[in-house]
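Participant: Let me begin by handing over the structure; questions about it come next.
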There are 2 protein chains.
Amino acid sequence: MKGARLHLDLFAVFQDLVDTGSFSKAAARNHLTQSAVSQQLGFLERRLGAKLIERGKDRFALTEAGREFLRASWKILQAYGEAESAIRHPGAIGGPLRVEAIYSIGLHALPPYIKSFLTRFPQVRLRTSYITAEQVYEDLIHGHGDVGLVAYPRSHPQLRVLPFQRERLAIACAPGDPLASRKTASLKDLLSRPFVAFERGLPTQKAIEDLVFRRLGTFPRVAAEFDNVETLKRGVEVGLGITILPEPTVVAEVQAGSLACVPFATPAYHRPTGILIRKDQPLSRAGKEFVRWLLPQPRTIKTTKRGQI
Amino acid sequence: MKGARLHLDLFAVFQDLVDTGSFSKAAARNHLTQSAVSQQLGFLERRLGAKLIERGKDRFALTEAGREFLRASWKILQAYGEAESAIRHPGAIGGPLRVEAIYSIGLHALPPYIKSFLTRFPQVRLRTSYITAEQVYEDLIHGHGDVGLVAYPRSHPQLRVLPFQRERLAIACAPGDPLASRKTASLKDLLSRPFVAFERGLPTQKAIEDLVFRRLGTFPRVAAEFDNVETLKRGVEVGLGITILPEPTVVAEVQAGSLACVPFATPAYHRPTGILIRKDQPLSRAGKEFVRWLLPQPRTIKTTKRGQI
DNA sequence: CGCCTTTCATTAGAATAGCTAATAGTTGTA
DNA sequence: TACAACTATTAGCTATTCTAATGAAAGGCG
């Protein structure tokens, strides 16, 4: 590899390299050997005259040049993908689209939307990542990721926030718990048992602490902390304590009988979720369509004032 | 070329192909043979499953797919170029920048700006085209071309217009003409001689006709029409008649003594020129810098209210 | 503490992509 | 009709870019 050519594959491999943090995994994703990936990166670095990935002791860190190159990779593949799709399927909406959501939304609220969206627009090559809220903001701002989904969205100078859903909060407990047989509960019921929490600092955790503290002036003992809904639910199932969760995240367990869910009586509490998009760069057609798909607009209603969807 | 790869060169060659309208010329520009270019285009068309360039009787027309691909090519090369420049020369402003101007601006008002701009930002790969006003609007809207320069700019929903210069209009005539010895002239002086005009429909011509007609109620006999300043001036030099031109476009000929230039006495007339940029897509850093360079802001003044330039 | 596992780097050599050169096939023009 | 100026096609060579094998470095674990 000396005076070599810059294929588009190089950019895709580089993305996967950053994505997976591993030469061999990136190689596998692209049906290549680890050696090929190593040579490709070597070629890029020689060609650009700068290290792109710092791979020393604290394994795998993007350099500033690497970040710059990653941004370009994304733009390039995006541009090509959109054009190819537009040419192959004229009139259809297509091309790549990267959606980043926090775990709880990605695993529960989002799937039905994704399914119907892909049925409607099969030419869109959707790539979803379920990551932490911090990473969602980070990725959106830095140009990876086209659409973000977070809970308790906070505004940011470079991002636009659109309201997505309001998920009703409820108390979740093991099926054997006395609370499980109740029709409704109140915040006070929390105090009698240890609490299974999200990690401190996560937006949902902060909001719940805030809510409970404002209403009760105190907070139950925290039995355990988890960084995502799925493992947190496992904690509740095995009886570590009870918790507050958005209802949509527990419907599967409630149906399966592995968790019980008791809604709040008088004031219903909600977790707002929001859609994030960049302000500066306009969304691709596919991106715009997807956001429209998420927004609570009447799509199935027969008659609307404007006639069409 | 069967299961070939998409190099960045393919996109560059495709641009040149569209640009030159010829396989052999595009090949020459890229140090290739005509055969290679033919194979490349064939590969692209097979790969995308669509004709990109219609090359039949009315030689060389881009198809819809071709236009789509051209747009993508531009975005791709732009993204790569910017990244490469940012990586190779960190902190410097660089990357590709495409400036499109009408002949008269490109040949006279622009060069000093371009020279100083390139001295200041040598990493910018500037590509200028001097074309008709119509093409400037067209190219800007369709995403080729980052910055446009036209006379009598008209607004367009997709374009933003910034005022550039106001060029003083004057009467130009052959050095032997009796008018040549006058200090000033008035519009009435036009009527005594045939007029050398721009082609009908060109903005500058329309504006001049409008001006003369509004003031005099008539228009001198048109001796000849030209589609650009340079040939028009040749017409005046050989005595076809006199004309109205922006002063900056004739300074060279006046100094050389091949043309005379007489300013208007009482009201000075001006030709406004404007900078065009797209509203939707944000300009690259280089583009922003260039526009700032063109705008009449104090760059050399030592003290400003805001401190720094 | 050293062995084993994992990961990236470096070769040489095989596979293949992409070029040139030559030539055939168009189309418009004198 | 022949010519001029294109683009298309083909065969074959060269250079690029893989794979396979191996080396080196580092982390995990008994």
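The way I read the labels, and the way they are meant: chains A, B, ... in the order of the structure tokens, residue 1 as the first residue of every chain, and ligand 1 as the first ligand shown, with later ones counted on from there.
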Applying 12 Å and only C-alpha atoms (C1' of nucleotides), which residues near DT19 (chain D) remain after dropping the ones on its own chain fewer than 5 positions away? List them as a list in words.
Facilitator: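 Near DT19 (chain D), the qualifying residues are His31, Leu32, Thr33, Gln34, Ser35, Ala36 and Val37 of chain A; DT11, DA12, DG13, DA14 and DA15 of chain C.
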Participant: Once you have the residues from the selection above, write them out as a compact mmCIF listing (two decimals), in the first residue's frame, restricted to all heavy atoms.
Facilitator:
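Printed below is result.txt as written:
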# COMPACT_ATOMS: atom_id res chain seq x y z
N HIS A 31 -15.79 -8.11 6.40
CA HIS A 31 -15.32 -9.31 5.71
C HIS A 31 -13.87 -9.14 5.26
O HIS A 31 -13.53 -9.38 4.12
CB HIS A 31 -16.21 -9.63 4.51
CG HIS A 31 -17.66 -9.58 4.86
ND1 HIS A 31 -18.27 -10.53 5.64
CD2 HIS A 31 -18.63 -8.70 4.54
CE1 HIS A 31 -19.54 -10.23 5.79
NE2 HIS A 31 -19.79 -9.11 5.14
N LEU A 32 -13.07 -8.70 6.19
CA LEU A 32 -11.65 -8.54 5.90
C LEU A 32 -10.85 -9.22 7.01
O LEU A 32 -11.42 -9.62 8.03
CB LEU A 32 -11.26 -7.05 5.87
CG LEU A 32 -11.82 -6.19 4.75
CD1 LEU A 32 -11.48 -4.73 4.99
CD2 LEU A 32 -11.27 -6.65 3.42
N THR A 33 -9.56 -9.31 6.80
CA THR A 33 -8.71 -9.80 7.88
C THR A 33 -8.23 -8.62 8.71
O THR A 33 -8.25 -7.48 8.25
CB THR A 33 -7.48 -10.51 7.32
OG1 THR A 33 -6.77 -9.60 6.50
CG2 THR A 33 -7.88 -11.72 6.52
N GLN A 34 -7.82 -8.91 9.91
CA GLN A 34 -7.29 -7.88 10.79
C GLN A 34 -6.12 -7.17 10.12
O GLN A 34 -5.94 -5.97 10.25
CB GLN A 34 -6.87 -8.53 12.11
CG GLN A 34 -6.06 -7.67 13.02
CD GLN A 34 -4.57 -7.85 12.78
OE1 GLN A 34 -3.85 -6.88 12.60
NE2 GLN A 34 -4.09 -9.09 12.77
N SER A 35 -5.35 -7.94 9.38
CA SER A 35 -4.19 -7.38 8.71
C SER A 35 -4.57 -6.27 7.75
O SER A 35 -3.94 -5.21 7.70
CB SER A 35 -3.46 -8.50 7.96
OG SER A 35 -2.51 -7.96 7.10
N ALA A 36 -5.62 -6.53 6.98
CA ALA A 36 -6.06 -5.54 6.01
C ALA A 36 -6.41 -4.23 6.70
O ALA A 36 -6.02 -3.15 6.26
CB ALA A 36 -7.24 -6.07 5.22
N VAL A 37 -7.14 -4.34 7.80
CA VAL A 37 -7.55 -3.14 8.52
C VAL A 37 -6.34 -2.39 9.03
O VAL A 37 -6.25 -1.17 8.92
CB VAL A 37 -8.50 -3.51 9.68
CG1 VAL A 37 -8.82 -2.28 10.50
CG2 VAL A 37 -9.76 -4.13 9.14
P DT C 11 8.41 -4.80 7.88
OP1 DT C 11 9.63 -4.25 8.46
OP2 DT C 11 7.54 -3.96 7.03
O5' DT C 11 8.83 -6.09 7.07
C5' DT C 11 7.92 -6.59 6.17
C4' DT C 11 7.87 -8.09 6.19
O4' DT C 11 6.70 -8.47 6.87
C3' DT C 11 7.79 -8.62 4.79
O3' DT C 11 9.04 -9.17 4.43
C2' DT C 11 6.74 -9.68 4.85
C1' DT C 11 6.01 -9.45 6.15
N1 DT C 11 4.60 -9.02 6.02
C2 DT C 11 3.66 -10.01 5.90
O2 DT C 11 3.94 -11.20 5.86
N3 DT C 11 2.36 -9.55 5.83
C4 DT C 11 1.93 -8.25 5.87
O4 DT C 11 0.74 -7.98 5.82
C5 DT C 11 2.97 -7.26 5.99
C7 DT C 11 2.61 -5.81 6.05
C6 DT C 11 4.24 -7.68 6.05
P DA C 12 9.45 -9.14 2.90
OP1 DA C 12 10.91 -9.33 2.87
OP2 DA C 12 8.84 -7.99 2.23
O5' DA C 12 8.75 -10.46 2.34
C5' DA C 12 8.79 -11.67 3.11
C4' DA C 12 7.90 -12.68 2.43
O4' DA C 12 6.52 -12.39 2.73
C3' DA C 12 8.01 -12.68 0.90
O3' DA C 12 7.90 -14.02 0.44
C2' DA C 12 6.84 -11.83 0.47
C1' DA C 12 5.79 -12.15 1.53
N9 DA C 12 4.84 -11.08 1.80
C8 DA C 12 5.09 -9.74 1.89
N7 DA C 12 4.04 -9.01 2.17
C5 DA C 12 3.02 -9.94 2.27
C6 DA C 12 1.64 -9.80 2.54
N6 DA C 12 1.04 -8.63 2.78
N1 DA C 12 0.90 -10.93 2.56
C2 DA C 12 1.50 -12.10 2.33
N3 DA C 12 2.78 -12.35 2.07
C4 DA C 12 3.49 -11.22 2.05
P DG C 13 8.05 -14.34 -1.12
OP1 DG C 13 8.89 -15.53 -1.24
OP2 DG C 13 8.38 -13.08 -1.83
O5' DG C 13 6.56 -14.75 -1.52
C5' DG C 13 5.78 -15.54 -0.63
C4' DG C 13 4.35 -15.50 -1.12
O4' DG C 13 3.73 -14.26 -0.71
C3' DG C 13 4.20 -15.57 -2.65
O3' DG C 13 3.08 -16.39 -2.93
C2' DG C 13 3.93 -14.11 -3.02
C1' DG C 13 3.11 -13.67 -1.84
N9 DG C 13 3.04 -12.23 -1.60
C8 DG C 13 4.04 -11.28 -1.76
N7 DG C 13 3.65 -10.08 -1.46
C5 DG C 13 2.31 -10.23 -1.10
C6 DG C 13 1.36 -9.27 -0.68
O6 DG C 13 1.51 -8.05 -0.53
N1 DG C 13 0.13 -9.84 -0.40
C2 DG C 13 -0.15 -11.18 -0.52
N2 DG C 13 -1.38 -11.56 -0.22
N3 DG C 13 0.72 -12.09 -0.91
C4 DG C 13 1.92 -11.54 -1.18
P DA C 14 2.77 -16.80 -4.43
OP1 DA C 14 3.17 -18.21 -4.57
OP2 DA C 14 3.30 -15.77 -5.36
O5' DA C 14 1.18 -16.72 -4.46
C5' DA C 14 0.43 -17.14 -3.31
C4' DA C 14 -0.97 -16.54 -3.38
O4' DA C 14 -0.89 -15.12 -3.10
C3' DA C 14 -1.64 -16.65 -4.74
O3' DA C 14 -3.02 -16.92 -4.53
C2' DA C 14 -1.41 -15.29 -5.37
C1' DA C 14 -1.45 -14.38 -4.16
N9 DA C 14 -0.65 -13.16 -4.28
C8 DA C 14 0.66 -13.05 -4.70
N7 DA C 14 1.12 -11.83 -4.67
C5 DA C 14 0.06 -11.07 -4.20
C6 DA C 14 -0.09 -9.70 -3.94
N6 DA C 14 0.88 -8.80 -4.12
N1 DA C 14 -1.28 -9.27 -3.47
C2 DA C 14 -2.26 -10.17 -3.28
N3 DA C 14 -2.24 -11.49 -3.49
C4 DA C 14 -1.04 -11.88 -3.95
P DA C 15 -3.99 -17.14 -5.74
OP1 DA C 15 -4.88 -18.25 -5.37
OP2 DA C 15 -3.21 -17.17 -7.00
O5' DA C 15 -4.86 -15.80 -5.73
C5' DA C 15 -5.56 -15.43 -4.54
C4' DA C 15 -6.24 -14.09 -4.77
O4' DA C 15 -5.23 -13.06 -4.89
C3' DA C 15 -7.09 -14.00 -6.04
O3' DA C 15 -8.30 -13.35 -5.67
C2' DA C 15 -6.24 -13.17 -7.00
C1' DA C 15 -5.50 -12.27 -6.03
N9 DA C 15 -4.20 -11.78 -6.49
C8 DA C 15 -3.21 -12.49 -7.11
N7 DA C 15 -2.14 -11.78 -7.38
C5 DA C 15 -2.45 -10.51 -6.89
C6 DA C 15 -1.74 -9.30 -6.87
N6 DA C 15 -0.51 -9.16 -7.36
N1 DA C 15 -2.34 -8.25 -6.30
C2 DA C 15 -3.57 -8.39 -5.80
N3 DA C 15 -4.34 -9.46 -5.77
C4 DA C 15 -3.72 -10.51 -6.34
Participant: If you run DSSP on this backbone, which residues of region 89-237 of chain A come out as strand (DSSP E or B), and could you give them as a PyMOL selection string?
Facilitator: chain A and resi 95-102+124-131+147-151+156+159-173+185+195-198+222-226
Participant: Determine which residues of region 34-211 of chain A receive a DSSP assignment of helix (DSSP H, G or I), computed from the backbone, and state them as a PyMOL selection string.
Facilitator: chain A and resi 34-48+64-88+103-120+133-141+178-181+187-192+203-211
Participant: Each residue of chain C lying at most 7 Å from chain B should get a row with its shortest atom-to-atom pair and the distance in Å to one decimal, counting only C-alpha atoms (C1' of nucleotides); could you produce that, ordered by chain and increasing number, as JSON lines?
Facilitator:
{"residue": "C:DA17", "atom": "C1'", "partner": "B:Ala4", "partner_atom": "CA", "distance": 6.2}
{"residue": "C:DG18", "atom": "C1'", "partner": "B:Met1", "partner_atom": "CA", "distance": 6.7}
{"residue": "C:DC19", "atom": "C1'", "partner": "B:Ala36", "partner_atom": "CA", "distance": 6.8}
Participant: Give as a PyMOL selection string every residue of chain B that touches chain A within 8 Å, counting only C-alpha atoms.
Facilitator: chain B and resi 5-9+48-50+65+68-69+72-73+75-77+79-80+83-84+86-88+280-282
Participant: Kindly save the residues from that selection, with N, CA, C and O atoms included, as a tab-separated table (two decimals), in the first residue's frame.
Facilitator:
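Generated output (selection26.tsv):
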chain	number	residue	atom	x	y	z
B	5	ARG	N	-13.89	-0.83	-6.95
B	5	ARG	CA	-14.00	0.01	-5.76
B	5	ARG	C	-14.35	1.44	-6.16
B	5	ARG	O	-13.98	1.89	-7.24
B	6	LEU	N	-14.98	2.14	-5.26
B	6	LEU	CA	-15.30	3.54	-5.50
B	6	LEU	C	-14.21	4.42	-4.95
B	6	LEU	O	-14.22	4.74	-3.77
B	7	HIS	N	-13.24	4.81	-5.77
B	7	HIS	CA	-12.26	5.76	-5.22
B	7	HIS	C	-12.81	7.15	-5.25
B	7	HIS	O	-13.70	7.47	-6.01
B	8	LEU	N	-12.17	8.00	-4.50
B	8	LEU	CA	-12.52	9.42	-4.55
B	8	LEU	C	-12.21	9.97	-5.94
B	8	LEU	O	-12.90	10.88	-6.41
B	9	ASP	N	-11.18	9.42	-6.60
B	9	ASP	CA	-10.83	9.92	-7.92
B	9	ASP	C	-12.00	9.80	-8.89
B	9	ASP	O	-12.19	10.64	-9.76
B	48	LEU	N	-24.59	1.82	-10.26
B	48	LEU	CA	-25.77	2.54	-9.78
B	48	LEU	C	-27.03	2.11	-10.51
B	48	LEU	O	-28.13	2.47	-10.12
B	49	GLY	N	-26.85	1.33	-11.56
B	49	GLY	CA	-28.02	0.86	-12.29
B	49	GLY	C	-28.77	1.97	-13.00
B	49	GLY	O	-29.98	1.92	-13.15
B	50	ALA	N	-28.04	3.00	-13.43
B	50	ALA	CA	-28.72	4.09	-14.13
B	50	ALA	C	-27.71	4.84	-14.99
B	50	ALA	O	-26.53	4.92	-14.65
B	65	ALA	N	-30.28	11.23	-12.67
B	65	ALA	CA	-29.37	10.47	-11.81
B	65	ALA	C	-27.99	11.11	-11.81
B	65	ALA	O	-27.32	11.20	-10.77
B	68	GLU	N	-27.89	14.05	-9.55
B	68	GLU	CA	-27.85	13.58	-8.16
B	68	GLU	C	-26.42	13.16	-7.80
B	68	GLU	O	-25.88	13.52	-6.76
B	69	PHE	N	-25.81	12.42	-8.70
B	69	PHE	CA	-24.46	11.94	-8.44
B	69	PHE	C	-23.45	13.08	-8.39
B	69	PHE	O	-22.53	13.07	-7.59
B	72	ALA	N	-23.60	14.66	-5.06
B	72	ALA	CA	-22.91	13.83	-4.07
B	72	ALA	C	-21.40	13.96	-4.24
B	72	ALA	O	-20.67	14.07	-3.26
B	73	SER	N	-20.93	13.96	-5.48
B	73	SER	CA	-19.50	14.07	-5.73
B	73	SER	C	-18.95	15.33	-5.07
B	73	SER	O	-17.91	15.30	-4.41
B	75	LYS	N	-20.17	17.05	-2.59
B	75	LYS	CA	-20.19	16.95	-1.13
B	75	LYS	C	-19.05	16.08	-0.64
B	75	LYS	O	-18.38	16.39	0.35
B	76	ILE	N	-18.82	14.98	-1.34
B	76	ILE	CA	-17.80	14.03	-0.90
B	76	ILE	C	-16.41	14.65	-0.98
B	76	ILE	O	-15.64	14.62	-0.02
B	77	LEU	N	-16.11	15.26	-2.11
B	77	LEU	CA	-14.78	15.84	-2.26
B	77	LEU	C	-14.58	17.02	-1.33
B	77	LEU	O	-13.49	17.24	-0.81
B	79	ALA	N	-16.02	17.35	1.62
B	79	ALA	CA	-15.82	16.83	2.98
B	79	ALA	C	-14.40	16.30	3.14
B	79	ALA	O	-13.73	16.60	4.13
B	80	TYR	N	-13.93	15.54	2.16
B	80	TYR	CA	-12.60	14.99	2.28
B	80	TYR	C	-11.55	16.10	2.26
B	80	TYR	O	-10.63	16.12	3.09
B	83	ALA	N	-11.37	17.99	5.49
B	83	ALA	CA	-10.77	17.21	6.57
B	83	ALA	C	-9.27	17.09	6.36
B	83	ALA	O	-8.48	17.29	7.29
B	84	GLU	N	-8.86	16.78	5.14
B	84	GLU	CA	-7.43	16.62	4.88
B	84	GLU	C	-6.69	17.90	5.22
B	84	GLU	O	-5.65	17.88	5.87
B	86	ALA	N	-7.65	20.26	7.25
B	86	ALA	CA	-7.67	20.51	8.70
B	86	ALA	C	-6.66	19.63	9.42
B	86	ALA	O	-6.07	20.04	10.42
B	87	ILE	N	-6.46	18.42	8.90
B	87	ILE	CA	-5.53	17.50	9.55
B	87	ILE	C	-4.08	17.87	9.24
B	87	ILE	O	-3.23	17.89	10.13
B	88	ARG	N	-3.83	18.19	7.99
B	88	ARG	CA	-2.45	18.50	7.59
B	88	ARG	C	-2.00	19.83	8.17
B	88	ARG	O	-0.83	19.98	8.49
B	280	ASP	N	-29.62	27.25	2.97
B	280	ASP	CA	-29.75	26.01	3.74
B	280	ASP	C	-28.41	25.47	4.22
B	280	ASP	O	-28.15	25.38	5.41
B	281	GLN	N	-27.55	25.09	3.30
B	281	GLN	CA	-26.27	24.52	3.69
B	281	GLN	C	-25.34	25.58	4.25
B	281	GLN	O	-25.10	26.58	3.61
B	282	PRO	N	-24.81	25.34	5.42
B	282	PRO	CA	-23.87	26.32	5.96
B	282	PRO	C	-22.57	26.27	5.16
B	282	PRO	O	-22.16	25.22	4.69
